[in-house]
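Enquirer: Contents of work.pdb (PDB, C-alpha atoms):
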ATOM      1  CA  VAL G 237      -2.395 -69.233  58.447
ATOM      2  CA  GLY G 238      -2.211 -73.015  58.411
ATOM      3  CA  TYR G 239      -1.488 -75.246  61.367
ATOM      4  CA  MET G 240       2.017 -76.629  61.835
ATOM      5  CA  THR G 241       2.718 -80.256  61.012
ATOM      6  CA  THR G 242       5.483 -82.626  62.000
ATOM      7  CA  ALA G 243       7.094 -81.920  58.614
ATOM      8  CA  ASP G 244       7.334 -78.262  59.646
ATOM      9  CA  GLU G 245       9.300 -79.288  62.726
ATOM     10  CA  ASN G 246      12.168 -80.153  60.385
ATOM     11  CA  ILE G 247      12.529 -76.422  59.804
ATOM     12  CA  LEU G 248      12.690 -75.741  63.546
ATOM     13  CA  THR G 249      15.343 -78.407  64.128
ATOM     14  CA  SER G 250      17.483 -77.849  61.031
ATOM     15  CA  PRO G 251      20.949 -76.707  62.241
ATOM     16  CA  ASN G 252      21.766 -74.848  59.015
ATOM     17  CA  LEU G 253      18.482 -72.896  59.079
ATOM     18  CA  LEU G 254      18.834 -72.110  62.775
ATOM     19  CA  GLN G 255      22.393 -70.882  62.302
ATOM     20  CA  SER G 256      21.482 -68.713  59.312
ATOM     21  CA  GLY G 257      18.385 -67.346  61.043
ATOM     22  CA  GLU G 258      16.207 -68.182  58.040
ATOM     23  CA  PHE G 259      14.049 -70.755  59.857
ATOM     24  CA  LEU G 260      11.365 -68.249  60.849
ATOM     25  CA  GLU G 261      10.946 -66.800  57.372
ATOM     26  CA  ILE G 262      10.756 -70.245  55.781
ATOM     27  CA  LEU G 263       8.277 -71.535  58.368
ATOM     28  CA  ILE G 264       5.959 -68.530  58.160
ATOM     29  CA  ASN G 265       6.056 -68.521  54.344
ATOM     30  CA  ARG G 266       4.979 -72.189  54.430
ATOM     31  CA  LYS G 267       2.134 -71.458  56.832
ATOM     32  CA  ILE G 268       0.692 -68.308  55.196
ATOM     33  CA  MET G 269      -2.199 -69.438  53.016
ATOM     34  CA  GLU G 270      -2.358 -66.265  50.880
ATOM     35  CA  PRO G 271       0.142 -66.871  48.027
ATOM     36  CA  GLU G 272       0.869 -63.184  47.376
ATOM     37  CA  LEU G 273       1.573 -62.435  51.049
ATOM     38  CA  ARG G 274       5.129 -63.176  52.189
ATOM     39  CA  TYR G 275       7.013 -62.987  55.491
ATOM     40  CA  ARG G 276       9.123 -59.977  54.491
ATOM     41  CA  ASP G 277       5.980 -57.969  53.644
ATOM     42  CA  LEU G 278       4.301 -58.557  57.015
ATOM     43  CA  LEU G 279       4.219 -55.851  59.628
ATOM     44  CA  VAL G 280       6.339 -56.735  62.670
ATOM     45  CA  GLY G 281       3.282 -57.043  64.927
ATOM     46  CA  ASP G 282       1.545 -59.346  62.442
ATOM     47  CA  ARG G 283       4.645 -61.539  62.208
ATOM     48  CA  ASN G 284       4.818 -61.772  65.996
ATOM     49  CA  ALA G 285       1.114 -62.620  66.244
ATOM     50  CA  ILE G 286       1.561 -65.430  63.712
ATOM     51  CA  MET G 287       4.560 -66.785  65.641
ATOM     52  CA  ILE G 288       2.597 -66.820  68.912
ATOM     53  CA  TRP G 289      -0.426 -68.436  67.246
ATOM     54  CA  LEU G 290       1.744 -71.136  65.628
ATOM     55  CA  ARG G 291       3.425 -71.873  68.967
ATOM     56  CA  ALA G 292       0.121 -72.014  70.874
ATOM     57  CA  THR G 293      -1.682 -74.202  68.344
ATOM     58  CA  SER G 294       1.277 -76.532  67.834
ATOM     59  CA  TYR G 295       2.710 -77.113  71.294
ATOM     60  CA  GLY G 296      -0.023 -75.807  73.584
ATOM     61  CA  GLU G 297      -0.907 -72.446  75.040
ATOM     62  CA  MET G 298       1.300 -72.801  78.120
ATOM     63  CA  TYR G 299       4.806 -71.486  77.404
ATOM     64  CA  PRO G 300       7.498 -72.250  79.998
ATOM     65  CA  ILE G 301       9.959 -69.458  80.781
ATOM     66  CA  GLU G 302      12.852 -68.929  83.179
ATOM     67  CA  LEU G 303      12.974 -65.709  85.184
ATOM     68  CA  GLN G 304      15.264 -64.239  87.787
ATOM     69  CA  ASP G 305      13.856 -62.652  90.930
ATOM     70  CA  PRO G 306      15.295 -59.111  90.930
ATOM     71  CA  LYS G 307      15.452 -58.994  94.729
ATOM     72  CA  THR G 308      17.011 -62.379  95.504
ATOM     73  CA  GLY G 309      18.672 -63.215  92.181
ATOM     74  CA  GLU G 310      17.048 -66.653  92.391
ATOM     75  CA  VAL G 311      16.155 -68.203  89.032
ATOM     76  CA  PHE G 312      12.764 -69.878  88.790
ATOM     77  CA  THR G 313      10.586 -71.458  86.104
ATOM     78  CA  THR G 314       7.018 -70.445  85.419
ATOM     79  CA  GLU G 315       4.574 -70.588  82.533
ATOM     80  CA  VAL G 316       2.852 -67.942  80.433
ATOM     81  CA  ASP G 317      -0.569 -68.688  78.964
ATOM     82  CA  LEU G 318      -0.205 -67.488  75.365
ATOM     83  CA  SER G 319      -3.977 -67.299  74.955
ATOM     84  CA  LEU G 320      -4.097 -64.589  77.634
ATOM     85  CA  LEU G 321      -1.544 -62.264  76.054
ATOM     86  CA  PRO G 322      -3.232 -58.904  75.585
ATOM     87  CA  THR G 323      -3.467 -57.260  72.215
ATOM     88  CA  LYS G 324      -2.970 -53.547  71.808
ATOM     89  CA  GLU G 325      -5.800 -51.846  69.960
ATOM     90  CA  ASN G 326      -4.720 -49.534  67.181
ATOM     91  CA  ASN G 327      -7.339 -47.219  65.718
ATOM     92  CA  LEU G 328      -4.926 -45.246  63.532
ATOM     93  CA  GLN G 329      -5.755 -45.482  59.853
ATOM     94  CA  PRO G 330      -2.988 -44.910  57.295
ATOM     95  CA  ASP G 331      -3.509 -42.267  54.624
ATOM     96  CA  GLU G 332      -3.033 -42.800  50.875
ATOM     97  CA  ASN G 333       0.757 -42.793  51.443
ATOM     98  CA  GLY G 334       0.590 -45.479  54.139
ATOM     99  CA  GLU G 335       1.352 -42.930  56.878
ATOM    100  CA  CYS G 336      -0.481 -42.446  60.159
ATOM    101  CA  SER G 337      -0.751 -39.128  61.963
ATOM    102  CA  PHE G 338      -0.312 -38.985  65.729
ATOM    103  CA  VAL G 339       0.056 -36.264  68.373
ATOM    104  CA  LEU G 340       2.814 -37.184  70.825
ATOM    105  CA  PRO G 341       1.643 -37.177  74.468
ATOM    106  CA  LYS G 342       4.455 -35.118  76.023
ATOM    107  CA  SER G 343       5.772 -32.737  73.354
ATOM    108  CA  LYS G 344       2.376 -32.426  71.616
ATOM    109  CA  LYS G 345       4.186 -32.478  68.289
ATOM    110  CA  THR G 346       2.307 -34.040  65.385
ATOM    111  CA  VAL G 347       4.227 -36.827  63.704
ATOM    112  CA  LYS G 348       3.494 -38.902  60.665
ATOM    113  CA  PHE G 349       4.860 -42.421  60.705
ATOM    114  CA  ARG G 350       4.661 -45.690  58.849
ATOM    115  CA  TYR G 351       4.808 -49.208  60.151
ATOM    116  CA  LEU G 352       7.968 -51.194  59.434
ATOM    117  CA  THR G 353       7.772 -54.477  57.577
ATOM    118  CA  ALA G 354       9.510 -57.550  58.958
ATOM    119  CA  ASP G 355      12.143 -57.146  56.227
ATOM    120  CA  GLU G 356      12.860 -53.527  57.169
ATOM    121  CA  ASP G 357      13.042 -54.407  60.864
ATOM    122  CA  ASP G 358      15.382 -57.344  60.205
ATOM    123  CA  LYS G 359      17.703 -55.022  58.251
ATOM    124  CA  LEU G 360      17.782 -52.531  61.144
ATOM    125  CA  ILE G 361      18.594 -55.340  63.583
ATOM    126  CA  LYS G 362      21.479 -56.494  61.367
ATOM    127  CA  GLU G 363      22.731 -52.909  61.015
ATOM    128  CA  ASP G 364      22.657 -52.410  64.779
ATOM    129  CA  ASN G 365      24.337 -55.772  65.442
ATOM    130  CA  ALA G 366      27.132 -54.964  62.979
ATOM    131  CA  ARG G 367      27.649 -51.560  64.579
ATOM    132  CA  THR G 368      27.773 -52.884  68.137
ATOM    133  CA  LYS G 369      30.071 -55.751  67.107
ATOM    134  CA  LYS G 370      32.449 -53.281  65.472
ATOM    135  CA  LEU G 371      32.498 -51.039  68.553
ATOM    136  CA  GLY G 372      32.999 -53.865  71.029
ATOM    137  CA  SER G 373      31.566 -54.856  74.382
ATOM    138  CA  SER G 374      30.965 -51.293  75.597
ATOM    139  CA  ALA G 375      28.731 -50.455  72.609
ATOM    140  CA  ILE G 376      25.132 -49.496  73.311
ATOM    141  CA  SER G 377      22.420 -50.744  70.974
ATOM    142  CA  GLN G 378      20.780 -47.989  68.945
ATOM    143  CA  LEU G 379      17.932 -50.206  67.734
ATOM    144  CA  MET G 380      15.137 -48.213  69.376
ATOM    145  CA  THR G 381      16.233 -44.928  67.816
ATOM    146  CA  LEU G 382      16.976 -46.613  64.460
ATOM    147  CA  ARG G 383      13.418 -47.927  64.370
ATOM    148  CA  LEU G 384      11.932 -44.534  65.219
ATOM    149  CA  GLN G 385      14.158 -42.750  62.688
ATOM    150  CA  ASN G 386      12.916 -45.128  59.994
ATOM    151  CA  GLN G 387       9.249 -45.069  61.034
ATOM    152  CA  ILE G 388       8.784 -41.324  61.485
ATOM    153  CA  THR G 389       8.384 -39.530  58.166
ATOM    154  CA  GLU G 390       7.359 -36.072  59.381
ATOM    155  CA  VAL G 391       7.475 -33.948  62.548
ATOM    156  CA  ASP G 392       5.187 -30.895  62.616
ATOM    157  CA  GLY G 393       5.269 -30.708  58.811
ATOM    158  CA  ILE G 394       9.051 -31.151  58.519
ATOM    159  CA  ARG G 395      10.103 -34.127  56.385
ATOM    160  CA  GLU G 396      13.896 -33.639  56.190
ATOM    161  CA  LYS G 397      15.656 -36.800  57.350
ATOM    162  CA  ALA G 398      18.352 -34.918  59.311
ATOM    163  CA  ALA G 399      15.695 -33.026  61.297
ATOM    164  CA  ILE G 400      13.831 -36.254  62.044
ATOM    165  CA  VAL G 401      17.045 -37.959  63.201
ATOM    166  CA  GLN G 402      17.821 -35.026  65.494
ATOM    167  CA  PHE G 403      14.255 -35.016  66.861
ATOM    168  CA  VAL G 404      14.355 -38.759  67.610
ATOM    169  CA  GLU G 405      17.724 -38.452  69.362
ATOM    170  CA  SER G 406      16.293 -35.900  71.798
ATOM    171  CA  MET G 407      12.680 -37.020  72.189
ATOM    172  CA  SER G 408      11.188 -37.830  75.571
ATOM    173  CA  PRO G 409      10.796 -41.513  76.496
ATOM    174  CA  MET G 410       7.104 -40.732  77.059
ATOM    175  CA  ASP G 411       6.818 -39.754  73.398
ATOM    176  CA  SER G 412       8.833 -42.729  72.121
ATOM    177  CA  ALA G 413       6.820 -45.451  73.874
TER
END
Could you show the structure in this file as structure tokens?

Expert:
Amino acid sequence: VGYMTTADENILTSPNLLQSGEFLEILINRKIMEPELRYRDLLVGDRNAIMIWLRATSYGEMYPIELQDPKTGEVFTTEVDLSLLPTKENNLQPDENGECSFVLPKSKKTVKFRYLTADEDDKLIKEDNARTKKLGSSAISQLMTLRLQNQITEVDGIREKAAIVQFVESMSPMDSA
């Protein structure tokens, strides 16, 4: 990944790119040095790591944020040191089909799953946004279950999509984390 330049800032300040939501894809595609690797092919975690690295190396590691104290309701500003963000170790190795096997902590069921690409995740976000917009202000986002339904490919040897959807709908939060 290459460092950002002032020319790249044009992408971040372009009203038409910001409105369309394409700014991130264009920026990351410009910064990835491997020509055959593209934004849409990245895993979501890899895309997020690149975004954090670009932010930290371009504007500094301190990232200002606004928070609200849950007890008092008072809004305050603080900073997060991006260089101190922890990474989550993942020792799961995909098989020849790109699937990982995992035993869920609560139900003890064995699932096979695959990681979503940035393109697949973006499509799920758009699908969920369209659904909630259609249903109105009382609609509840289904993004978490949509992601799980699309990641999980097998539950205890069962690969039927309807069974996986039903399993995800009723799984314990401890298993879905």

Enquirer: Measuring atom to atom with all atoms listed in the file, identify which of G:Leu273, G:Leu379, G:Val404, G:Leu318 is nearest to G:Asp358.

Expert: G:Leu379

Enquirer: Atom CA of G:Lys344 to atom CA of G:Asn327: how many Å, to one decimal?

Expert: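 Rounded to one decimal, the two atoms are 18.7 Å apart.
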
Enquirer: From the options G:Leu248, G:Ile264, G:Leu278, G:Val391, which residue's atoms come nearest to G:Lys345, counting all atoms listed in the file?

Expert: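 Counting all atoms listed in the file, the residue closest to G:Lys345 is G:Val391.
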
Enquirer: Which polymer residues have any atom within 7 Å of an atom of G:Leu263, counting only C-alpha atoms, with same-chain residues fewer than 4 positions away left out, as a list in words?

Expert: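 These residues fall inside the cut-off: Asp244, Ile247, Phe259 and Lys267 of chain G.
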
Enquirer: Taking (0.2, -71.8, 83.2) in the file's coordinates as the center, which residues reach within 12 Å of it, counting only C-alpha atoms, put as a PyMOL selection string?

Expert: chain G and resi 296-301+313-320

Enquirer: What is the atom CA of G:Gln385-atom CA of G:Ala398 distance in Å, reported with one decimal?

Expert: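 Straight-line distance from atom CA of G:Gln385 to atom CA of G:Ala398 works out to 9.5 Å.
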
Enquirer: Of the candidates G:Lys370, G:Asn246, G:Val237, G:Ala285, which one gets nearest to G:Pro271 if we count only C-alpha atoms?

Expert: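 Between G:Lys370, G:Asn246, G:Val237, G:Ala285, the residue approaching G:Pro271 most closely is G:Val237.
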
Enquirer: Would you mind telling me which residue in G:Ser374, G:Thr241, G:Lys348, G:Leu340 lies nearest to G:Ser408 when using only C-alpha atoms?

Expert: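 The closest residue to G:Ser408 is G:Leu340.
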
Enquirer: Give as a list of chain:residue names every residue, naming chains and numbers as the document does, that has an atom within 6 Å of (6.4, -56.0, 57.9), counting all atoms listed in the file.

Expert: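 Residues with an atom at most 6 Å from (6.4, -56.0, 57.9): G:Arg276, G:Asp277, G:Leu278, G:Leu279, G:Val280, G:Leu352, G:Thr353, G:Ala354.
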
Enquirer: So how far away is atom CA of G:Pro306 from atom CA of G:Arg383, in Å?

Expert: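 Atom-to-atom, atom CA of G:Arg383 to atom CA of G:Pro306, that is 28.9 Å.
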
Enquirer: On this file, the PyMOL selection byres ((chain G and resi 389) around 6) gives some set of residues; write that set as a PyMOL selection string.

Expert: chain G and resi 348-349+388+390+395

Enquirer: Near G:Thr293, counting all atoms listed in the file, which residues have an atom at most 9 Å away, once you skip same-chain residues fewer than 5 positions from it, shown as a list in words?

Expert: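 Close residues of G:Thr293: Tyr239, Met240 and Ile288 of chain G.
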
Enquirer: Nearest residue to G:Lys342 out of G:Ser412, G:Ser294, G:Ser377, G:Asn365, using all atoms listed in the file?

Expert: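 The closest residue to G:Lys342 is G:Ser412.
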
Enquirer: Out of G:Glu325, G:Glu310, G:Asp411, G:Asp282, which residue has the shortest atom-to-atom distance to G:Thr346 when counting all atoms listed in the file?

Expert: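 Smallest distance to G:Thr346 is found for G:Asp411.
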
Enquirer: Please return the centre and edge lengths, in Å to one decimal, of a box with edges along x, y and z that contains all listed atoms of stretch 340-347 of chain G, widened by 4 Å on every side, as AutoDock Vina command-line options.

Expert:
--center_x 3.7 --center_y -34.8 --center_z 69.9 --size_x 12.1 --size_y 12.8 --size_z 20.3

Enquirer: Skipping near chain neighbours, those fewer than 3 positions away, what residues fall within 12 Å of G:Asp364 using all atoms listed in the file, listed as a PDB file with C-alpha atoms, keeping the file's coordinate frame?

Expert:
ATOM      1  CA  ASP G 357      13.042 -54.407  60.864  1.00  0.00           C
ATOM      2  CA  ASP G 358      15.382 -57.344  60.205  1.00  0.00           C
ATOM      3  CA  LYS G 359      17.703 -55.022  58.251  1.00  0.00           C
ATOM      4  CA  LEU G 360      17.782 -52.531  61.144  1.00  0.00           C
ATOM      5  CA  ILE G 361      18.594 -55.340  63.583  1.00  0.00           C
ATOM      6  CA  ARG G 367      27.649 -51.560  64.579  1.00  0.00           C
ATOM      7  CA  THR G 368      27.773 -52.884  68.137  1.00  0.00           C
ATOM      8  CA  LYS G 369      30.071 -55.751  67.107  1.00  0.00           C
ATOM      9  CA  LYS G 370      32.449 -53.281  65.472  1.00  0.00           C
ATOM     10  CA  LEU G 371      32.498 -51.039  68.553  1.00  0.00           C
ATOM     11  CA  ALA G 375      28.731 -50.455  72.609  1.00  0.00           C
ATOM     12  CA  ILE G 376      25.132 -49.496  73.311  1.00  0.00           C
ATOM     13  CA  SER G 377      22.420 -50.744  70.974  1.00  0.00           C
ATOM     14  CA  GLN G 378      20.780 -47.989  68.945  1.00  0.00           C
ATOM     15  CA  LEU G 379      17.932 -50.206  67.734  1.00  0.00           C
ATOM     16  CA  MET G 380      15.137 -48.213  69.376  1.00  0.00           C
ATOM     17  CA  THR G 381      16.233 -44.928  67.816  1.00  0.00           C
ATOM     18  CA  LEU G 382      16.976 -46.613  64.460  1.00  0.00           C
ATOM     19  CA  ARG G 383      13.418 -47.927  64.370  1.00  0.00           C
TER      20      ARG G 383
END

Enquirer: So which residues get picked by the PyMOL selection byres ((chain G and resi 336) around 9) here, written as a list in words?

Expert: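 So the PyMOL selection byres ((chain G and resi 336) around 9), applied here, picks out Leu328, Gln329, Pro330, Asp331, Asn333, Gly334, Glu335, Ser337, Phe338, Val347, Lys348, Phe349, Arg350 and Tyr351 of chain G.
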
Enquirer: Would you mind exporting the chosen residues as a short mmCIF file (atom, residue, chain, number, x, y, z; two decimals), keeping the file's coordinate frame, restricted to C-alpha atoms?

Expert:
data_model
loop_
_atom_site.label_atom_id
_atom_site.label_comp_id
_atom_site.auth_asym_id
_atom_site.auth_seq_id
_atom_site.Cartn_x
_atom_site.Cartn_y
_atom_site.Cartn_z
CA LEU G 328 -4.93 -45.25 63.53
CA GLN G 329 -5.76 -45.48 59.85
CA PRO G 330 -2.99 -44.91 57.30
CA ASP G 331 -3.51 -42.27 54.62
CA ASN G 333 0.76 -42.79 51.44
CA GLY G 334 0.59 -45.48 54.14
CA GLU G 335 1.35 -42.93 56.88
CA SER G 337 -0.75 -39.13 61.96
CA PHE G 338 -0.31 -38.98 65.73
CA VAL G 347 4.23 -36.83 63.70
CA LYS G 348 3.49 -38.90 60.66
CA PHE G 349 4.86 -42.42 60.70
CA ARG G 350 4.66 -45.69 58.85
CA TYR G 351 4.81 -49.21 60.15
#
